[in-house]
>>> print(open('input_4.txt').read())   # compact mmCIF, C-alpha atoms
# COMPACT_ATOMS: atom_id res chain seq x y z
CA MET A 476 120.21 120.73 76.02
CA ASP A 477 123.57 119.75 74.48
CA GLU A 478 125.05 119.73 77.98
CA ILE A 479 123.07 116.69 79.13
CA PRO A 480 122.79 113.39 77.24
CA GLN A 481 119.41 112.66 75.71
CA ALA A 482 119.14 109.31 77.50
CA GLU A 483 119.71 110.89 80.91
CA TRP A 484 117.18 113.67 80.28
CA ASP A 485 114.47 111.44 78.81
CA THR A 486 114.82 108.87 81.59
CA CYS A 487 113.48 111.62 83.84
CA ALA A 488 111.24 113.43 81.34
CA CYS A 489 109.44 110.44 79.82
CA PRO A 490 110.28 107.16 81.54
CA GLU A 491 107.00 105.77 80.19
CA ALA A 492 108.52 105.88 76.67
CA THR A 493 111.62 103.80 77.40
CA ASP A 494 109.86 100.82 75.79
CA GLY A 495 109.71 102.69 72.49
CA GLY A 496 106.17 103.97 72.99
CA ARG A 497 104.99 107.55 73.04
CA PRO A 498 105.64 109.89 75.95
CA PHE A 499 102.62 111.32 77.75
CA ASP A 500 103.46 114.49 75.83
CA PRO A 501 106.46 115.33 73.64
CA PHE A 502 107.04 118.83 74.98
CA THR A 503 109.57 118.09 77.72
CA THR A 504 111.47 115.50 75.71
CA HIS A 505 115.09 116.21 74.88
CA ARG A 506 114.28 116.31 71.15
CA PHE A 507 111.57 118.97 71.47
CA LEU A 508 113.50 121.30 73.78
CA LYS A 509 116.65 120.87 71.69
CA ALA A 510 114.72 121.79 68.53
CA LEU A 511 113.72 125.06 70.21
CA GLU A 512 117.36 125.79 71.00
CA ASP A 513 118.92 124.61 67.73
CA SER A 514 116.44 126.70 65.74
CA GLY A 515 117.09 129.89 67.72
CA SER A 516 113.46 130.02 68.89
CA VAL A 517 114.87 130.32 72.42
CA GLY A 518 118.27 131.58 73.47
CA ARG A 519 120.16 134.84 73.20
CA GLY A 520 117.97 137.78 72.24
CA THR A 521 114.65 135.96 72.63
CA GLY A 522 113.97 136.62 76.32
CA TRP A 523 114.08 132.84 76.91
CA GLU A 524 117.61 131.98 78.08
CA PRO A 525 118.00 128.23 78.80
CA ARG A 526 119.24 127.53 82.34
CA HIS A 527 118.10 123.94 82.72
CA LEU A 528 118.43 122.16 86.06
CA ALA A 529 119.79 118.67 86.64
CA VAL A 530 119.92 116.88 89.99
CA ARG A 531 122.60 114.25 90.51
CA HIS A 532 122.49 111.79 93.39
CA ASN A 533 125.21 109.19 93.91
CA GLY A 534 126.56 110.06 90.47
CA GLN A 535 123.25 109.52 88.68
CA VAL A 536 120.88 112.11 87.20
CA ILE A 537 117.60 111.64 89.08
CA ALA A 538 115.73 114.81 88.10
CA VAL A 539 115.74 117.57 85.49
CA ALA A 540 113.67 120.67 84.74
CA PRO A 541 113.38 122.95 81.68
CA LEU A 542 114.35 126.27 83.28
CA TYR A 543 114.62 129.63 81.53
CA ALA A 544 115.75 133.09 82.57
CA LYS A 545 112.96 135.32 81.25
CA GLY A 546 113.34 138.93 80.21
CA HIS A 547 109.60 139.39 79.62
CA SER A 548 106.31 137.54 80.09
CA GLN A 549 105.56 136.70 76.47
CA GLY A 550 104.82 133.16 75.29
CA GLU A 551 103.76 131.85 78.70
CA TYR A 552 99.91 131.92 78.67
CA ILE A 553 99.77 132.21 82.47
CA PHE A 554 99.58 135.96 82.64
CA ASP A 555 101.56 137.92 85.23
CA HIS A 556 101.90 141.27 83.47
CA ASN A 557 99.94 143.00 86.23
CA TRP A 558 102.32 141.53 88.81
CA ALA A 559 105.28 142.91 86.87
CA HIS A 560 103.70 146.37 86.60
CA ALA A 561 102.89 146.48 90.30
CA TYR A 562 106.37 145.32 91.32
CA GLU A 563 108.11 147.80 89.05
CA ASN A 564 105.81 150.66 90.08
CA ALA A 565 106.90 149.96 93.65
CA GLY A 566 110.54 150.34 92.61
CA GLY A 567 111.49 146.69 92.06
CA ALA A 568 112.94 144.90 89.05
CA TYR A 569 110.57 142.06 88.11
CA TYR A 570 112.75 140.90 85.21
CA PRO A 571 114.68 138.74 84.84
CA LYS A 572 112.63 136.00 86.44
CA LEU A 573 113.03 132.22 86.35
CA GLN A 574 110.47 130.07 84.56
CA ILE A 575 110.17 126.28 84.63
CA ALA A 576 108.04 125.78 81.55
CA VAL A 577 107.84 124.66 77.95
CA PRO A 578 108.18 127.83 75.88
CA PHE A 579 105.11 128.90 73.88
CA THR A 580 103.20 125.77 74.93
CA PRO A 581 100.05 126.03 77.10
CA ALA A 582 99.76 122.27 77.59
CA THR A 583 99.58 120.60 80.98
CA GLY A 584 102.37 118.15 81.75
CA ARG A 585 105.10 117.28 84.21
CA ARG A 586 107.57 120.08 84.83
CA LEU A 587 109.55 118.63 87.75
CA LEU A 588 110.91 115.66 85.82
CA THR A 589 112.19 112.78 87.92
CA ARG A 590 113.04 109.14 87.69
CA PRO A 591 110.03 107.12 88.91
CA GLU A 592 111.90 105.89 91.97
CA ALA A 593 113.01 109.41 93.01
CA VAL A 594 109.88 111.57 92.73
CA GLU A 595 109.86 113.11 96.20
CA LEU A 596 113.61 113.61 96.44
CA GLY A 597 113.93 114.90 92.89
CA GLN A 598 111.01 117.34 93.07
CA ALA A 599 112.25 118.80 96.35
CA ALA A 600 115.76 119.23 94.97
CA LEU A 601 114.52 120.96 91.81
CA VAL A 602 112.30 123.39 93.72
CA GLN A 603 114.98 124.16 96.30
CA GLY A 604 117.57 124.56 93.56
CA ALA A 605 115.45 126.98 91.53
CA VAL A 606 114.56 129.08 94.57
CA GLN A 607 118.17 129.16 95.75
CA LEU A 608 119.34 130.13 92.26
CA ALA A 609 116.85 133.01 92.24
CA ALA A 610 117.83 134.18 95.73
CA ASN A 611 121.57 133.98 95.01
CA ASN A 612 121.17 136.08 91.87
CA GLU A 613 118.59 138.50 93.36
CA VAL A 614 116.01 137.41 90.79
CA SER A 615 112.47 138.48 91.68
CA SER A 616 110.60 135.22 91.27
CA VAL A 617 110.31 131.62 90.11
CA HIS A 618 107.30 130.33 88.14
CA ILE A 619 106.34 126.75 87.25
CA THR A 620 103.59 126.88 84.66
CA PHE A 621 101.14 124.27 83.31
CA CYS A 622 102.35 121.69 85.81
CA THR A 623 100.26 118.69 86.82
CA GLU A 624 97.79 118.82 89.69
CA ALA A 625 100.00 116.42 91.66
CA GLU A 626 102.98 118.74 91.18
CA ALA A 627 100.85 121.71 92.23
CA GLU A 628 99.91 119.94 95.45
CA ALA A 629 103.51 118.92 96.13
CA GLY A 630 104.77 122.44 95.40
CA ALA A 631 102.20 124.00 97.72
CA GLN A 632 103.41 121.70 100.49
CA MET A 633 106.93 123.02 99.83
CA GLY A 634 105.76 126.59 100.34
CA LEU A 635 105.13 127.71 96.77
CA MET A 636 102.02 129.69 95.90
CA ARG A 637 99.50 127.77 93.83
CA ARG A 638 97.58 129.35 90.96
CA ARG A 639 94.58 128.03 89.05
CA SER A 640 93.47 128.93 85.54
CA GLN A 641 91.29 127.25 82.93
CA GLN A 642 91.26 126.15 79.32
CA PHE A 643 89.10 123.89 77.15
CA HIS A 644 89.60 120.14 76.55
CA TRP A 645 87.56 117.60 74.61
CA LEU A 646 87.16 114.32 76.49
CA ASN A 647 86.71 110.98 74.72
CA ASP A 648 83.99 108.88 76.33
CA GLY A 649 84.94 105.82 74.32
CA TYR A 650 83.13 107.05 71.20
CA ALA A 651 83.04 104.65 68.25
CA ASP A 652 83.05 107.53 65.76
CA PHE A 653 82.23 111.22 65.39
CA ASP A 654 78.51 110.53 65.07
CA ALA A 655 78.57 108.74 68.42
CA PHE A 656 80.02 111.91 69.95
CA LEU A 657 77.38 114.04 68.24
CA ALA A 658 74.65 111.82 69.66
CA THR A 659 75.55 113.05 73.16
CA LEU A 660 74.93 116.69 72.26
CA SER A 661 71.72 118.67 72.36
CA SER A 662 69.82 118.68 69.10
CA ARG A 663 70.64 122.31 68.32
CA LYS A 664 74.36 121.92 68.95
CA ARG A 665 74.47 118.70 66.97
CA LYS A 666 72.81 120.31 63.96
CA ASN A 667 75.11 123.32 64.18
CA ILE A 668 78.27 121.17 64.15
CA ARG A 669 77.01 119.14 61.19
CA LYS A 670 76.29 122.38 59.34
CA GLU A 671 79.74 123.78 60.16
CA ARG A 672 81.47 120.61 59.00
CA ALA A 673 79.52 120.56 55.75
CA THR A 674 80.29 124.24 55.15
CA ALA A 675 83.98 123.80 55.83
CA GLN A 676 84.35 120.66 53.74
CA GLY A 677 82.68 122.44 50.86
CA PHE A 678 85.44 125.06 50.62
CA GLY A 679 86.46 123.82 47.17
CA GLY A 680 89.23 121.37 47.90
CA GLU A 681 90.19 118.45 50.12
CA ILE A 682 91.34 118.08 53.72
CA VAL A 683 94.20 115.72 54.56
CA ALA A 684 95.66 114.63 57.90
CA LEU A 685 99.37 113.79 57.82
CA THR A 686 101.81 112.39 60.35
CA GLY A 687 105.23 110.76 60.36
CA ALA A 688 106.69 109.97 56.94
CA ASP A 689 103.63 111.49 55.20
CA ILE A 690 104.84 114.95 56.23
CA ASP A 691 107.09 116.35 53.52
CA PRO A 692 109.71 119.11 54.03
CA ALA A 693 107.84 121.23 51.48
CA HIS A 694 104.77 121.26 53.72
CA TRP A 695 106.64 123.49 56.15
CA ASP A 696 107.16 126.20 53.53
CA TRP A 697 103.39 126.50 53.35
CA PHE A 698 102.79 126.12 57.06
CA TRP A 699 105.37 128.83 57.84
CA ARG A 700 103.26 131.24 55.82
CA PHE A 701 100.16 130.22 57.81
CA TYR A 702 102.03 130.56 61.10
CA GLN A 703 103.43 133.98 60.25
CA ASP A 704 99.99 135.30 59.30
CA THR A 705 98.40 134.13 62.57
CA GLY A 706 101.36 135.30 64.65
CA ALA A 707 101.36 138.75 63.11
CA ARG A 708 97.65 139.17 63.88
CA LYS A 709 97.70 137.74 67.41
CA TRP A 710 100.99 138.62 69.09
CA GLY A 711 102.99 140.71 66.63
CA THR A 712 106.03 138.50 66.09
CA PRO A 713 105.86 134.70 65.73
CA TYR A 714 107.62 132.92 68.57
CA LEU A 715 109.05 130.05 66.54
CA THR A 716 111.66 130.58 63.84
CA ARG A 717 111.44 129.07 60.38
CA ALA A 718 114.32 126.79 61.35
CA PHE A 719 112.20 125.18 64.07
CA PHE A 720 110.03 123.47 61.47
CA ASP A 721 113.11 122.09 59.72
CA CYS A 722 114.32 120.72 63.05
CA ALA A 723 110.85 119.31 63.69
CA GLN A 724 110.91 117.57 60.31
CA GLU A 725 114.08 115.77 61.35
CA SER A 726 113.28 114.83 64.95
CA LEU A 727 109.57 115.36 65.66
CA ARG A 728 107.65 114.10 62.61
CA ASP A 729 106.28 111.11 64.49
CA ASP A 730 105.07 113.43 67.26
CA MET A 731 103.04 115.63 64.92
CA LEU A 732 99.69 115.64 63.17
CA LEU A 733 99.51 118.17 60.35
CA VAL A 734 96.01 118.86 59.00
CA LEU A 735 95.96 120.70 55.69
CA ALA A 736 93.23 122.13 53.47
CA LEU A 737 94.33 121.71 49.85
CA ARG A 738 92.87 123.56 46.89
CA ASN A 739 94.16 122.70 43.43
CA GLY A 740 96.82 120.64 45.20
CA ASN A 741 98.21 123.55 47.21
CA PRO A 742 97.69 124.11 50.95
CA VAL A 743 95.55 127.15 51.76
CA ALA A 744 95.18 126.52 55.52
CA GLY A 745 96.58 124.20 58.13
CA ALA A 746 96.60 123.17 61.78
CA LEU A 747 99.54 121.62 63.64
CA ASN A 748 98.96 119.23 66.55
CA PHE A 749 101.33 117.20 68.71
CA ILE A 750 100.53 113.61 69.64
CA GLY A 751 100.91 112.26 73.16
CA ARG A 752 100.36 108.80 74.58
CA ASP A 753 96.72 109.51 75.46
CA ALA A 754 96.12 113.05 74.22
CA LEU A 755 96.30 115.25 71.14
CA PHE A 756 97.58 118.78 71.67
CA GLY A 757 96.38 121.48 69.29
CA ARG A 758 99.07 124.12 68.83
CA TYR A 759 99.10 126.29 65.69
CA TRP A 760 96.73 127.29 62.92
CA GLY A 761 96.85 129.62 59.96
CA ALA A 762 95.30 130.31 56.57
CA LEU A 763 96.04 132.20 53.38
CA GLU A 764 92.38 132.24 52.33
CA ASP A 765 89.26 132.92 54.33
CA HIS A 766 86.70 130.11 54.14
CA PRO A 767 83.70 129.87 56.52
CA CYS A 768 84.09 127.33 59.35
CA LEU A 769 87.42 126.01 58.03
CA HIS A 770 89.13 126.99 61.29
CA PHE A 771 86.64 124.93 63.31
CA GLU A 772 87.05 121.93 61.00
CA LEU A 773 90.85 121.86 60.89
CA CYS A 774 91.50 122.75 64.54
CA TYR A 775 88.64 121.10 66.44
CA TYR A 776 86.66 118.54 64.45
CA GLN A 777 89.62 116.94 62.67
CA ALA A 778 91.33 116.70 66.07
CA ILE A 779 88.30 114.90 67.51
CA ASP A 780 88.25 112.54 64.53
CA PHE A 781 91.91 111.70 65.08
CA ALA A 782 91.46 111.21 68.82
CA ILE A 783 88.52 108.86 68.33
CA GLY A 784 90.29 106.90 65.60
CA ASN A 785 93.42 106.51 67.70
CA ARG A 786 91.62 105.98 71.02
CA LEU A 787 93.13 109.04 72.67
CA ALA A 788 91.51 110.14 75.91
CA ARG A 789 91.36 113.86 75.20
CA VAL A 790 92.18 116.80 72.95
CA GLU A 791 93.76 119.85 74.52
CA ALA A 792 92.86 122.79 72.32
CA GLY A 793 95.33 125.33 73.72
CA ALA A 794 94.76 128.60 75.50
CA GLN A 795 91.57 130.65 75.75
CA GLY A 796 88.59 130.50 73.41
CA GLN A 797 85.08 130.16 74.85
CA HIS A 798 83.88 129.43 71.30
CA LYS A 799 85.31 125.93 71.87
CA LEU A 800 82.55 125.23 74.40
CA ALA A 801 79.83 124.91 71.74
CA ARG A 802 82.02 122.40 69.90
CA GLY A 803 82.28 119.91 72.75
CA TYR A 804 85.35 121.24 74.52
CA LEU A 805 84.69 121.69 78.24
CA PRO A 806 86.52 123.92 80.76
CA VAL A 807 89.13 122.27 82.97
CA THR A 808 91.46 123.57 85.65
CA CYS A 809 95.13 124.25 84.89
CA HIS A 810 97.81 124.68 87.54
CA SER A 811 100.95 126.68 88.16
CA LEU A 812 103.29 127.42 91.07
CA HIS A 813 105.03 130.63 92.07
CA TRP A 814 107.73 131.86 94.44
CA VAL A 815 108.34 135.57 95.03
CA GLY A 816 111.36 136.73 96.99
CA ASP A 817 109.93 139.95 98.44
CA PRO A 818 107.80 138.97 101.48
CA GLY A 819 105.38 141.89 101.20
CA PHE A 820 104.80 141.37 97.50
CA ALA A 821 104.39 137.63 98.07
CA LYS A 822 101.61 138.29 100.58
CA ALA A 823 99.82 140.57 98.12
CA ILE A 824 100.04 137.94 95.38
CA ALA A 825 98.80 135.24 97.75
CA ARG A 826 95.67 137.30 98.46
CA TYR A 827 95.17 137.87 94.75
CA LEU A 828 95.50 134.14 94.02
CA ASP A 829 92.90 133.24 96.64
CA ALA A 830 90.37 135.57 95.02
CA GLU A 831 91.33 134.47 91.52
CA ALA A 832 90.95 130.77 92.40
CA ALA A 833 87.39 131.34 93.60
CA ALA A 834 86.56 133.23 90.40
CA VAL A 835 88.07 130.50 88.19
CA GLU A 836 86.13 127.79 90.03
CA GLU A 837 82.88 129.71 89.60
CA GLU A 838 83.57 130.36 85.90
CA ILE A 839 84.25 126.68 85.23
CA GLU A 840 81.01 125.72 86.98
CA VAL A 841 78.99 128.25 84.96
CA LEU A 842 80.60 127.37 81.63
CA THR A 843 80.15 123.65 82.21
CA ALA A 844 76.43 124.21 82.84
CA TYR A 845 76.24 125.95 79.46
CA GLY A 846 78.00 123.09 77.70
CA PRO A 847 76.57 121.51 74.54
CA PHE A 848 75.76 118.10 76.01
CA ARG A 849 72.17 117.04 76.31
CA LYS A 850 70.61 117.11 79.74
CA SER A 851 67.87 114.57 78.99
CA ASP A 852 67.60 110.88 78.17
CA PRO A 853 69.07 110.38 74.67
CA SER A 854 65.94 108.51 73.58
CA VAL A 855 63.90 111.67 74.11
CA ASP A 856 66.06 113.90 71.90
CA PRO A 857 66.88 112.02 68.69
>>> encode(input="input_4.txt", output="structure tokens")
Amino acid sequence: MDEIPQAEWDTCACPEATDGGRPFDPFTTHRFLKALEDSGSVGRGTGWEPRHLAVRHNGQVIAVAPLYAKGHSQGEYIFDHNWAHAYENAGGAYYPKLQIAVPFTPATGRRLLTRPEAVELGQAALVQGAVQLAANNEVSSVHITFCTEAEAEAGAQMGLMRRRSQQFHWLNDGYADFDAFLATLSSRKRKNIRKERATAQGFGGEIVALTGADIDPAHWDWFWRFYQDTGARKWGTPYLTRAFFDCAQESLRDDMLLVLALRNGNPVAGALNFIGRDALFGRYWGALEDHPCLHFELCYYQAIDFAIGNRLARVEAGAQGQHKLARGYLPVTCHSLHWVGDPGFAKAIARYLDAEAAAVEEEIEVLTAYGPFRKSDPSVDP
């Protein structure tokens, strides 16, 4: 990221923020991607080697993309391990591969970043450049993960294979407060959430929500302990380094919401979110003590409170987790794009993706039907 000026990158990545406002999401901003690099969270030895693309036209940067040479499939959340096994069992070398993505971040956003006046030209150049780079270096494949639906449609028209997956988002229907949201749920779900919130808030301390200047450097010493504990239990080794949180303190404080549970003045659990222009993105959680329902409160209900209070349109709660459904988070479709150099293997993957897309669509339909929202007139179910 040091090889391209911040202004040039962000003019493509977040032109909506040139007036000093928030970007749609902070994850493709120069400051976020640079924090990953400066902290050693990506780079040599991590399996995420930065190879970012920039398109220049008439001497001006018109498009950029966060591109990485990947030595594994960890930290992506669009799973292709079975593709890698099949390719290698057939005698091929699946790794390295090229990935246009935000490392460790299953949040939908633009990946083919262009100036507003150069969308079609810039997207085509980025896709062609990535594919040509892969072909020239005999790299097996190119993957563009958690892109927007519009990018998925454009990529498919360029010949890339389109993949669908799903995760859970909470959608703000203009609620005045949390109780207004609860009023839209079935009686049983509403009572359950109230019980969970009461249980969590009775853990023996207080819950605080911090952002911007309210976040203190010392908070990250505690949160690092939370993050390490969760990482060790879920994926073995935490993806982010300790230095990332120091970098974040310097350049990303205004992009973050840190929710902490304090007991006797000391944090015992916490959840880290990132703030976009119209969305809150839940990212990391951890705890040093086990308290019933505290995870639900810090990760889901506090996020809803913040979204309502700040008039954000949605909360993206990250990857997986059908337990989110009962708490008002509904399944939505996520998109990715793929190019595979071997024609025979590409055909096999295309067949797989067709079957997978039908299964994802059916799962979303079924899960939505089991959602917590009332099916009747609100006046009938007080």
>>> closest_residue(input="input_4.txt", among="A:Arg728, A:Trp558, A:Phe781, A:Pro692", to="Ala825 of chain A", atoms="only C-alpha atoms")
A:Trp558
>>> closest_residue(input="input_4.txt", among="A:Ala582, A:Leu812, A:Ala629, A:Ala576", to="Gln795 of chain A", atoms="only C-alpha atoms")
A:Ala582
>>> closest_residue(input="input_4.txt", among="A:Thr503, A:Ser726, A:Gln641, A:Gln481", to="Thr843 of chain A", atoms="all atoms listed in the file")
A:Gln641
>>> closest_residue(input="input_4.txt", among="A:Pro581, A:His532, A:Ala723, A:Leu735", to="Arg758 of chain A", atoms="only C-alpha atoms")
A:Pro581
>>> closest_residue(input="input_4.txt", among="A:Ile537, A:Ala593, A:Ala655, A:Ala568", to="Glu613 of chain A", atoms="only C-alpha atoms")
A:Ala568
>>> atom_distance(input="input_4.txt", atom1="atom CA of Met731 of chain A", atom2="atom CA of Arg519 of chain A")
27.0 Å
>>> atom_distance(input="input_4.txt", atom1="atom CA of Gly520 of chain A", atom2="atom CA of Pro571 of chain A")
13.1 Å
>>> residues_around(input="input_4.txt", residues="Glu624 of chain A", least_positions_apart="5", cutoff="12 Å", atoms="all atoms listed in the file", output="ChimeraX atom specification")
/A:583-587,619,629-631,637-640,807-812
>>> write_last_selection(input="input_4.txt", atoms="C-alpha atoms", output="PDB file, in the coordinates of the input")
ATOM      1  CA  THR A 583      99.580 120.600  80.980  1.00  0.00           C
ATOM      2  CA  GLY A 584     102.370 118.150  81.750  1.00  0.00           C
ATOM      3  CA  ARG A 585     105.100 117.280  84.210  1.00  0.00           C
ATOM      4  CA  ARG A 586     107.570 120.080  84.830  1.00  0.00           C
ATOM      5  CA  LEU A 587     109.550 118.630  87.750  1.00  0.00           C
ATOM      6  CA  ILE A 619     106.340 126.750  87.250  1.00  0.00           C
ATOM      7  CA  ALA A 629     103.510 118.920  96.130  1.00  0.00           C
ATOM      8  CA  GLY A 630     104.770 122.440  95.400  1.00  0.00           C
ATOM      9  CA  ALA A 631     102.200 124.000  97.720  1.00  0.00           C
ATOM     10  CA  ARG A 637      99.500 127.770  93.830  1.00  0.00           C
ATOM     11  CA  ARG A 638      97.580 129.350  90.960  1.00  0.00           C
ATOM     12  CA  ARG A 639      94.580 128.030  89.050  1.00  0.00           C
ATOM     13  CA  SER A 640      93.470 128.930  85.540  1.00  0.00           C
ATOM     14  CA  VAL A 807      89.130 122.270  82.970  1.00  0.00           C
ATOM     15  CA  THR A 808      91.460 123.570  85.650  1.00  0.00           C
ATOM     16  CA  CYS A 809      95.130 124.250  84.890  1.00  0.00           C
ATOM     17  CA  HIS A 810      97.810 124.680  87.540  1.00  0.00           C
ATOM     18  CA  SER A 811     100.950 126.680  88.160  1.00  0.00           C
ATOM     19  CA  LEU A 812     103.290 127.420  91.070  1.00  0.00           C
TER      20      LEU A 812
END
>>> residues_near_point(input="input_4.txt", point="(90.8, 114.9, 75.1)", cutoff="6 Å", atoms="all atoms listed in the file", output="mmCIF file with C-alpha atoms, in the coordinates of the input")
data_model
loop_
_atom_site.group_PDB
_atom_site.id
_atom_site.type_symbol
_atom_site.label_atom_id
_atom_site.label_comp_id
_atom_site.auth_asym_id
_atom_site.auth_seq_id
_atom_site.Cartn_x
_atom_site.Cartn_y
_atom_site.Cartn_z
ATOM 1 C CA HIS A 644 89.600 120.140 76.550
ATOM 2 C CA TRP A 645 87.560 117.600 74.610
ATOM 3 C CA LEU A 646 87.160 114.320 76.490
ATOM 4 C CA ASN A 647 86.710 110.980 74.720
ATOM 5 C CA ALA A 754 96.120 113.050 74.220
ATOM 6 C CA ALA A 788 91.510 110.140 75.910
ATOM 7 C CA ARG A 789 91.360 113.860 75.200
ATOM 8 C CA VAL A 790 92.180 116.800 72.950
ATOM 9 C CA GLU A 791 93.760 119.850 74.520
#
>>> residues_around(input="input_4.txt", residues="Pro578 of chain A", least_positions_apart="6", cutoff="12 Å", atoms="only C-alpha atoms", output="PyMOL selection string")
chain A and resi 502-503+507-512+516-518+521-525+541-545+548-553+586+619-621+714-715
>>> build_atoms(input="input_4.txt", residues="segment 735-751 of chain A", atoms="N, CA, C and O atoms", output="PDB file, keeping the file's coordinate frame")
ATOM      1  N   LEU A 735      95.876 119.688  56.735  1.00  0.00           N
ATOM      2  CA  LEU A 735      95.960 120.700  55.690  1.00  0.00           C
ATOM      3  C   LEU A 735      94.690 120.733  54.843  1.00  0.00           C
ATOM      4  O   LEU A 735      94.101 119.687  54.547  1.00  0.00           O
ATOM      5  N   ALA A 736      94.283 121.935  54.458  1.00  0.00           N
ATOM      6  CA  ALA A 736      93.230 122.130  53.470  1.00  0.00           C
ATOM      7  C   ALA A 736      93.913 122.434  52.145  1.00  0.00           C
ATOM      8  O   ALA A 736      94.655 123.424  52.041  1.00  0.00           O
ATOM      9  N   LEU A 737      93.679 121.582  51.152  1.00  0.00           N
ATOM     10  CA  LEU A 737      94.330 121.710  49.850  1.00  0.00           C
ATOM     11  C   LEU A 737      93.302 122.160  48.808  1.00  0.00           C
ATOM     12  O   LEU A 737      92.197 121.607  48.728  1.00  0.00           O
ATOM     13  N   ARG A 738      93.704 123.139  48.022  1.00  0.00           N
ATOM     14  CA  ARG A 738      92.870 123.560  46.890  1.00  0.00           C
ATOM     15  C   ARG A 738      93.752 123.601  45.659  1.00  0.00           C
ATOM     16  O   ARG A 738      94.804 124.249  45.673  1.00  0.00           O
ATOM     17  N   ASN A 739      93.341 122.877  44.638  1.00  0.00           N
ATOM     18  CA  ASN A 739      94.160 122.700  43.430  1.00  0.00           C
ATOM     19  C   ASN A 739      95.539 122.150  43.779  1.00  0.00           C
ATOM     20  O   ASN A 739      96.552 122.502  43.166  1.00  0.00           O
ATOM     21  N   GLY A 740      95.581 121.299  44.815  1.00  0.00           N
ATOM     22  CA  GLY A 740      96.820 120.640  45.200  1.00  0.00           C
ATOM     23  C   GLY A 740      97.713 121.442  46.122  1.00  0.00           C
ATOM     24  O   GLY A 740      98.709 120.906  46.632  1.00  0.00           O
ATOM     25  N   ASN A 741      97.388 122.705  46.367  1.00  0.00           N
ATOM     26  CA  ASN A 741      98.210 123.550  47.210  1.00  0.00           C
ATOM     27  C   ASN A 741      97.531 123.830  48.549  1.00  0.00           C
ATOM     28  O   ASN A 741      96.327 124.102  48.584  1.00  0.00           O
ATOM     29  N   PRO A 742      98.276 123.791  49.651  1.00  0.00           N
ATOM     30  CA  PRO A 742      97.690 124.110  50.950  1.00  0.00           C
ATOM     31  C   PRO A 742      97.248 125.570  51.030  1.00  0.00           C
ATOM     32  O   PRO A 742      97.989 126.480  50.617  1.00  0.00           O
ATOM     33  N   VAL A 743      96.041 125.793  51.551  1.00  0.00           N
ATOM     34  CA  VAL A 743      95.550 127.150  51.760  1.00  0.00           C
ATOM     35  C   VAL A 743      95.316 127.434  53.239  1.00  0.00           C
ATOM     36  O   VAL A 743      95.121 128.581  53.633  1.00  0.00           O
ATOM     37  N   ALA A 744      95.338 126.373  54.068  1.00  0.00           N
ATOM     38  CA  ALA A 744      95.180 126.520  55.520  1.00  0.00           C
ATOM     39  C   ALA A 744      95.701 125.255  56.169  1.00  0.00           C
ATOM     40  O   ALA A 744      95.789 124.195  55.543  1.00  0.00           O
ATOM     41  N   GLY A 745      96.060 125.380  57.449  1.00  0.00           N
ATOM     42  CA  GLY A 745      96.580 124.200  58.130  1.00  0.00           C
ATOM     43  C   GLY A 745      96.548 124.357  59.634  1.00  0.00           C
ATOM     44  O   GLY A 745      96.514 125.475  60.170  1.00  0.00           O
ATOM     45  N   ALA A 746      96.554 123.214  60.320  1.00  0.00           N
ATOM     46  CA  ALA A 746      96.600 123.170  61.780  1.00  0.00           C
ATOM     47  C   ALA A 746      97.639 122.136  62.185  1.00  0.00           C
ATOM     48  O   ALA A 746      97.677 121.029  61.633  1.00  0.00           O
ATOM     49  N   LEU A 747      98.483 122.506  63.152  1.00  0.00           N
ATOM     50  CA  LEU A 747      99.540 121.620  63.640  1.00  0.00           C
ATOM     51  C   LEU A 747      99.197 121.161  65.054  1.00  0.00           C
ATOM     52  O   LEU A 747      98.929 121.976  65.938  1.00  0.00           O
ATOM     53  N   ASN A 748      99.206 119.850  65.255  1.00  0.00           N
ATOM     54  CA  ASN A 748      98.960 119.230  66.550  1.00  0.00           C
ATOM     55  C   ASN A 748     100.169 118.379  66.924  1.00  0.00           C
ATOM     56  O   ASN A 748     100.923 117.928  66.063  1.00  0.00           O
ATOM     57  N   PHE A 749     100.325 118.138  68.226  1.00  0.00           N
ATOM     58  CA  PHE A 749     101.330 117.200  68.710  1.00  0.00           C
ATOM     59  C   PHE A 749     100.620 116.035  69.390  1.00  0.00           C
ATOM     60  O   PHE A 749      99.605 116.214  70.064  1.00  0.00           O
ATOM     61  N   ILE A 750     101.177 114.840  69.203  1.00  0.00           N
ATOM     62  CA  ILE A 750     100.530 113.610  69.640  1.00  0.00           C
ATOM     63  C   ILE A 750     101.209 113.098  70.903  1.00  0.00           C
ATOM     64  O   ILE A 750     102.430 112.901  70.932  1.00  0.00           O
ATOM     65  N   GLY A 751     100.424 112.876  71.954  1.00  0.00           N
ATOM     66  CA  GLY A 751     100.910 112.260  73.160  1.00  0.00           C
ATOM     67  C   GLY A 751     100.401 110.836  73.289  1.00  0.00           C
ATOM     68  O   GLY A 751      99.699 110.323  72.407  1.00  0.00           O
TER      69      GLY A 751
END
